[in-house]
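*Asks:* Input structure: work02.cif, which contains mmCIF, C-alpha atoms.
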data_model
#
loop_
_atom_site.group_PDB
_atom_site.id
_atom_site.type_symbol
_atom_site.label_atom_id
_atom_site.label_comp_id
_atom_site.auth_asym_id
_atom_site.auth_seq_id
_atom_site.Cartn_x
_atom_site.Cartn_y
_atom_site.Cartn_z
ATOM 1 C CA MET L 89 137.875 58.101 94.252
ATOM 2 C CA ARG L 90 136.907 56.365 97.463
ATOM 3 C CA ARG L 91 139.834 57.874 99.307
ATOM 4 C CA SER L 92 138.782 61.344 98.123
ATOM 5 C CA ARG L 93 135.257 60.840 99.514
ATOM 6 C CA VAL L 94 136.591 59.639 102.850
ATOM 7 C CA SER L 95 138.896 62.662 103.028
ATOM 8 C CA TRP L 96 135.982 65.022 102.437
ATOM 9 C CA ILE L 97 133.847 63.320 105.075
ATOM 10 C CA VAL L 98 136.680 63.546 107.655
ATOM 11 C CA LEU L 99 137.224 67.188 106.771
ATOM 12 C CA LEU L 100 133.497 67.985 107.185
ATOM 13 C CA LEU L 101 133.376 66.210 110.560
ATOM 14 C CA ALA L 102 136.390 68.178 111.767
ATOM 15 C CA ALA L 103 134.790 71.476 110.672
ATOM 16 C CA ALA L 104 131.543 70.579 112.459
ATOM 17 C CA ALA L 105 133.468 69.803 115.667
ATOM 18 C CA VAL L 106 135.328 73.136 115.521
ATOM 19 C CA SER L 107 132.021 74.949 114.878
ATOM 20 C CA THR L 108 130.358 73.236 117.860
ATOM 21 C CA THR L 109 133.316 74.125 120.123
ATOM 22 C CA ALA L 110 133.248 77.765 118.967
ATOM 23 C CA ARG L 111 129.500 77.951 119.508
ATOM 24 C CA SER L 112 129.713 76.585 123.054
ATOM 25 C CA GLN L 113 132.403 79.156 123.885
ATOM 26 C CA ASP L 114 130.183 81.972 122.498
ATOM 27 C CA GLU L 115 127.260 80.839 124.631
ATOM 28 C CA GLU L 116 129.341 81.351 127.718
ATOM 29 C CA LYS L 117 130.174 84.961 126.806
ATOM 30 C CA PRO L 118 127.137 87.317 126.643
ATOM 31 C CA LEU L 119 127.128 89.741 123.751
ATOM 32 C CA MET L 120 126.870 93.409 124.592
ATOM 33 C CA GLY L 121 125.148 95.829 122.239
ATOM 34 C CA PHE L 122 121.967 97.703 121.467
ATOM 35 C CA SER L 123 119.265 97.566 118.869
ATOM 36 C CA GLU L 124 117.527 100.303 116.953
ATOM 37 C CA PRO L 125 114.117 100.156 115.316
ATOM 38 C CA TYR L 126 114.201 100.001 111.556
ATOM 39 C CA ARG L 127 111.134 102.246 111.424
ATOM 40 C CA THR L 128 109.857 104.957 113.760
ATOM 41 C CA VAL L 129 106.345 106.346 113.285
ATOM 42 C CA ARG L 130 105.197 109.526 114.993
ATOM 43 C CA LEU L 131 101.443 108.978 115.100
ATOM 44 C CA ALA L 132 99.388 112.110 114.619
ATOM 45 C CA ALA L 133 95.671 112.666 114.990
ATOM 46 C CA ASN L 134 93.828 113.169 111.717
ATOM 47 C CA ASP L 135 91.580 115.802 113.273
ATOM 48 C CA ALA L 136 91.914 118.480 115.940
ATOM 49 C CA GLY L 137 90.279 117.829 119.293
ATOM 50 C CA ILE L 138 90.688 116.696 122.875
ATOM 51 C CA ILE L 139 91.942 113.206 123.637
ATOM 52 C CA ALA L 140 89.113 111.310 125.303
ATOM 53 C CA GLU L 141 90.833 107.988 125.880
ATOM 54 C CA LEU L 142 94.147 106.193 125.397
ATOM 55 C CA HIS L 143 93.842 102.474 124.671
ATOM 56 C CA VAL L 144 97.562 101.657 125.038
ATOM 57 C CA ARG L 145 100.480 102.543 127.279
ATOM 58 C CA GLU L 146 104.217 102.804 126.733
ATOM 59 C CA GLY L 147 105.629 99.381 125.949
ATOM 60 C CA SER L 148 102.357 98.035 124.531
ATOM 61 C CA ARG L 149 102.690 95.753 121.504
ATOM 62 C CA VAL L 150 100.169 96.572 118.800
ATOM 63 C CA GLN L 151 99.089 95.087 115.502
ATOM 64 C CA ARG L 152 98.208 96.995 112.354
ATOM 65 C CA GLY L 153 94.710 98.495 112.746
ATOM 66 C CA ASP L 154 94.603 98.334 116.568
ATOM 67 C CA LEU L 155 92.826 101.246 118.254
ATOM 68 C CA LEU L 156 95.389 103.402 120.074
ATOM 69 C CA ALA L 157 93.556 106.587 121.091
ATOM 70 C CA THR L 158 90.177 108.275 120.672
ATOM 71 C CA LEU L 159 89.382 111.955 120.395
ATOM 72 C CA ASP L 160 86.264 113.372 122.036
ATOM 73 C CA MET L 161 83.199 112.570 119.911
ATOM 74 C CA THR L 162 80.327 114.082 121.901
ATOM 75 C CA VAL L 163 79.209 116.433 119.116
ATOM 76 C CA HIS L 164 79.815 113.851 116.382
ATOM 77 C CA ASP L 165 77.754 111.203 118.181
ATOM 78 C CA THR L 166 74.812 113.626 118.368
ATOM 79 C CA LEU L 167 75.209 114.537 114.701
ATOM 80 C CA LEU L 168 75.236 110.827 113.842
ATOM 81 C CA GLN L 169 71.960 110.276 115.721
ATOM 82 C CA ILE L 170 70.367 113.188 113.839
ATOM 83 C CA ALA L 171 71.653 111.859 110.514
ATOM 84 C CA LYS L 172 70.389 108.363 111.335
ATOM 85 C CA ALA L 173 66.910 109.718 112.082
ATOM 86 C CA GLY L 174 66.931 111.584 108.765
ATOM 87 C CA LYS L 175 68.217 108.531 106.895
ATOM 88 C CA ASP L 176 65.511 106.303 108.376
ATOM 89 C CA ALA L 177 62.666 108.815 107.803
ATOM 90 C CA GLU L 178 60.186 107.484 105.249
ATOM 91 C CA GLY L 179 57.258 109.930 105.602
ATOM 92 C CA GLU L 180 58.191 112.298 102.795
ATOM 93 C CA VAL L 181 58.701 109.437 100.313
ATOM 94 C CA HIS L 182 55.408 107.761 101.315
ATOM 95 C CA ALA L 183 53.498 111.043 100.999
ATOM 96 C CA ALA L 184 54.999 111.751 97.576
ATOM 97 C CA LYS L 185 54.241 108.210 96.419
ATOM 98 C CA ALA L 186 50.610 108.512 97.568
ATOM 99 C CA GLU L 187 50.272 111.838 95.757
ATOM 100 C CA GLN L 188 51.752 110.315 92.583
ATOM 101 C CA GLU L 189 49.321 107.366 92.747
ATOM 102 C CA LEU L 190 46.382 109.748 93.280
ATOM 103 C CA ARG L 191 47.408 111.877 90.279
ATOM 104 C CA ALA L 192 47.891 108.745 88.106
ATOM 105 C CA HIS L 193 44.410 107.533 89.063
ATOM 106 C CA ARG L 194 42.907 110.952 88.287
ATOM 107 C CA LEU L 195 44.638 111.004 84.887
ATOM 108 C CA ARG L 196 43.177 107.595 84.023
ATOM 109 C CA LEU L 197 39.682 108.879 84.907
ATOM 110 C CA VAL L 198 40.122 112.089 82.893
ATOM 111 C CA LYS L 199 41.376 110.078 79.893
ATOM 112 C CA GLN L 200 38.290 107.915 80.082
ATOM 113 C CA LEU L 201 36.039 110.996 80.291
ATOM 114 C CA PHE L 202 37.962 112.609 77.424
ATOM 115 C CA ALA L 203 37.444 109.481 75.286
ATOM 116 C CA ASP L 204 33.703 109.729 76.024
ATOM 117 C CA LYS L 205 33.805 113.477 75.174
ATOM 118 C CA HIS L 206 32.978 114.477 78.755
ATOM 119 C CA ALA L 207 36.330 116.223 79.464
ATOM 120 C CA THR L 208 38.107 119.032 77.646
ATOM 121 C CA ASP L 209 41.661 119.170 76.290
ATOM 122 C CA ASP L 210 42.526 121.567 79.098
ATOM 123 C CA GLU L 211 41.365 119.110 81.776
ATOM 124 C CA LEU L 212 43.406 116.310 80.194
ATOM 125 C CA TRP L 213 46.485 118.523 79.944
ATOM 126 C CA ARG L 214 46.065 119.643 83.572
ATOM 127 C CA ALA L 215 45.786 116.002 84.794
ATOM 128 C CA GLN L 216 48.929 115.035 82.839
ATOM 129 C CA THR L 217 50.835 118.017 84.253
ATOM 130 C CA GLU L 218 49.741 117.244 87.810
ATOM 131 C CA LEU L 219 50.957 113.647 87.395
ATOM 132 C CA SER L 220 54.319 114.886 86.075
ATOM 133 C CA GLN L 221 54.639 117.213 89.079
ATOM 134 C CA ALA L 222 53.774 114.388 91.488
ATOM 135 C CA GLU L 223 56.373 112.111 89.854
ATOM 136 C CA ALA L 224 58.988 114.865 90.133
ATOM 137 C CA THR L 225 58.093 115.369 93.815
ATOM 138 C CA LEU L 226 58.492 111.624 94.414
ATOM 139 C CA ARG L 227 61.895 111.628 92.684
ATOM 140 C CA ALA L 228 62.990 114.632 94.772
ATOM 141 C CA ALA L 229 61.913 112.873 97.997
ATOM 142 C CA GLN L 230 63.871 109.754 97.011
ATOM 143 C CA GLU L 231 66.939 111.860 96.174
ATOM 144 C CA LYS L 232 66.692 113.620 99.559
ATOM 145 C CA LYS L 233 66.597 110.226 101.247
ATOM 146 C CA THR L 234 69.738 109.187 99.351
ATOM 147 C CA LEU L 235 71.483 112.421 100.368
ATOM 148 C CA ARG L 236 70.517 111.885 104.018
ATOM 149 C CA SER L 237 71.969 108.377 103.827
ATOM 150 C CA LEU L 238 75.216 109.770 102.396
ATOM 151 C CA GLU L 239 75.292 112.421 105.149
ATOM 152 C CA PHE L 240 75.024 109.609 107.708
ATOM 153 C CA ASP L 241 77.954 107.807 106.042
ATOM 154 C CA LYS L 242 79.979 111.041 106.029
ATOM 155 C CA ILE L 243 79.494 111.608 109.763
ATOM 156 C CA ALA L 244 80.325 107.954 110.476
ATOM 157 C CA ALA L 245 83.578 108.431 108.505
ATOM 158 C CA GLN L 246 84.339 111.602 110.491
ATOM 159 C CA ILE L 247 83.861 109.644 113.706
ATOM 160 C CA GLU L 248 86.245 106.950 112.470
ATOM 161 C CA SER L 249 88.822 109.629 111.610
ATOM 162 C CA ARG L 250 88.772 110.664 115.283
ATOM 163 C CA ARG L 251 90.100 107.202 116.216
ATOM 164 C CA LEU L 252 93.875 106.825 116.046
ATOM 165 C CA ARG L 253 94.815 103.363 114.738
ATOM 166 C CA ALA L 254 98.188 101.645 114.342
ATOM 167 C CA PRO L 255 99.409 101.857 110.737
ATOM 168 C CA VAL L 256 101.903 99.002 111.304
ATOM 169 C CA ALA L 257 102.647 96.368 113.936
ATOM 170 C CA GLY L 258 105.144 97.432 116.579
ATOM 171 C CA VAL L 259 105.697 98.750 120.084
ATOM 172 C CA ILE L 260 104.559 102.066 121.565
ATOM 173 C CA THR L 261 107.728 103.725 122.843
ATOM 174 C CA SER L 262 106.350 107.044 124.058
ATOM 175 C CA ILE L 263 103.041 108.793 124.591
ATOM 176 C CA HIS L 264 103.145 112.543 124.033
ATOM 177 C CA LYS L 265 99.543 113.459 124.902
ATOM 178 C CA GLN L 266 97.299 112.333 127.748
ATOM 179 C CA PRO L 267 93.475 112.268 128.011
ATOM 180 C CA GLY L 268 92.128 115.794 128.309
ATOM 181 C CA GLU L 269 94.966 117.327 126.281
ATOM 182 C CA TYR L 270 94.264 119.178 123.039
ATOM 183 C CA VAL L 271 95.625 117.871 119.752
ATOM 184 C CA GLY L 272 95.807 120.588 117.131
ATOM 185 C CA PRO L 273 97.244 121.265 113.697
ATOM 186 C CA THR L 274 100.485 122.719 115.083
ATOM 187 C CA ASP L 275 101.112 119.827 117.520
ATOM 188 C CA PRO L 276 99.275 116.740 116.226
ATOM 189 C CA VAL L 277 101.657 113.982 117.437
ATOM 190 C CA VAL L 278 100.031 111.756 120.061
ATOM 191 C CA MET L 279 102.491 108.864 120.392
ATOM 192 C CA THR L 280 105.516 107.162 118.843
ATOM 193 C CA LEU L 281 105.433 103.631 117.450
ATOM 194 C CA VAL L 282 108.514 101.621 116.468
#
Do you think you could lay out the structure here as structure tokens?
*Replies:*
Amino acid sequence: MRRSRVSWIVLLLAAAAVSTTARSQDEEKPLMGFSEPYRTVRLAANDAGIIAELHVREGSRVQRGDLLATLDMTVHDTLLQIAKAGKDAEGEVHAAKAEQELRAHRLRLVKQLFADKHATDDELWRAQTELSQAEATLRAAQEKKTLRSLEFDKIAAQIESRRLRAPVAGVITSIHKQPGEYVGPTDPVVMTLV
């Protein structure tokens, strides 16, 4: 049993020596060859427009999510400012709330007068209807504010869609469009990433 173990150890040492000798001979001889990417991505713009800026060049290493190129956003930036002003506007809601509070106060007074027999059924009905209208106007103003906020979010998303980002990590091998060039539906490819 002992002899068998010694034989195995000697055999393993001999194999390691041969492996080391073969490795040192390989290090002396350079290997010739080429490599190919396992994945090639032709990056296209999501929207049509003119390229405003490239943030990479050929040979650049990028990570997933890195900004690669930007389309012109002059009009979108202005639309975003308009949407922001609309989203932040509070006047219509405040006016509707004040009107609703006024109508609620008037209804309380008319109810008191009606209880004392100093107001008619028609006056009570009118005060209730006016309060309902004021509440509906307040709800409509709040809904408009919500819609303006969603419009702001929509324009912000459109702006983000005009930014070309890396879908995977890799290297930019070629750039097909330069700043000032138009990217359209028939020729959307801006660069190649491998």
*Asks:* As a check of understanding, name the residues that the PyMOL selection byres ((chain L and resi 252) around 7) selects in the supplied structure, as a PyMOL selection string.
*Replies:* chain L and resi 133+155-158+250-251+253-254
*Asks:* Quick one: which residues end up in the PyMOL selection byres ((chain L and resi 215) around 10) for this structure, as a list in words?
*Replies:*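 This file gives the following for the PyMOL selection byres ((chain L and resi 215) around 10): Arg191, Ala192, His193, Arg194, Leu195, Arg196, Leu197, Val198, Lys199, Asp209, Asp210, Glu211, Leu212, Trp213, Arg214, Gln216, Thr217, Glu218, Leu219, Ser220 and Gln221 of chain L.
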*Asks:* So how far away is CA of Thr261 in chain L from CA of Phe122 in chain L, in Å?
*Replies:*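 Those two atoms sit 15.5 Å apart.
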*Asks:* For CA of Leu238 in chain L and CA of Ala177 in chain L, determine how far apart the two atoms are, in Å to one decimal place.
*Replies:* 13.7 Å
*Asks:* Given all atoms listed in the file as the basis, pick out the residue of L:Gly137, L:Pro276, L:Pro125, L:Gly153 nearest to Val256 in chain L.
*Replies:*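 Result for the nearest residue to Val256 in chain L: L:Gly153.
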*Asks:* Leaving out Ile138 in chain L and any residue of its chain fewer than 2 positions from it, which residues lie within 7 Å of it when counting only C-alpha atoms, given as a ChimeraX atom specification?
*Replies:* /L:140,159-160,268-271
*Asks:* Taking only C-alpha atoms into account, which of L:Arg127, L:Arg149, L:Lys175, L:His164 comes nearest Ile243 in chain L?
*Replies:* L:His164
*Asks:* Just to confirm, what's the straight-line distance from CA of Gly179 in chain L to CA of Ser237 in chain L in Å (one decimal)?
*Replies:*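 Answer for the CA of Gly179 in chain L to CA of Ser237 in chain L separation: 14.9 Å.
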*Asks:* Quick one: axis-aligned box around all listed atoms of range 122-138 of chain L, 5 Å on every side, centre and edge lengths in Å to one decimal, written as lines of an AutoDock Vina configuration file.
*Replies:*
center_x = 106.1
center_y = 108.0
center_z = 117.1
size_x = 41.7
size_y = 30.9
size_z = 21.5
*Asks:* Select, from L:Val282, L:Ala171, L:Ile260, L:Val163, the residue with the minimum atom-to-atom distance to His143 in chain L, counting only C-alpha atoms.
*Replies:* L:Ile260
*Asks:* Determine the nearest neighbour of Ser148 in chain L from the options L:His182, L:Asp275, L:Gly258, L:Gln266, counting all atoms listed in the file.
*Replies:*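 Of the candidates, the smallest distance to Ser148 in chain L is held by L:Gly258.
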*Asks:* Near Glu239 in chain L, counting only C-alpha atoms, which residues have an atom at most 12 Å away, once you skip same-chain residues fewer than 6 positions from it, shown as a list in words?
*Replies:*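 Those residues are Leu167, Leu168, Gln169, Ile170, Ala171, Lys172, Ala173, Gly174, Lys175, Asp176, Lys232, Lys233, Ala245 and Gln246 of chain L.
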*Asks:* Nearest to Pro273 in chain L among L:Ala186, L:Ala136, L:Leu131, L:Met120, with distances taken over all atoms listed in the file: which residue is it?
*Replies:*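 Using all atoms listed in the file, Pro273 in chain L sits closest to L:Ala136.
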*Asks:* Carefully work through the PyMOL selection byres ((chain L and resi 278) around 6) for this structure and note down the residues it includes, as a VMD selection string.
*Replies:* chain L and resid 131 to 132 264 to 265 277 279
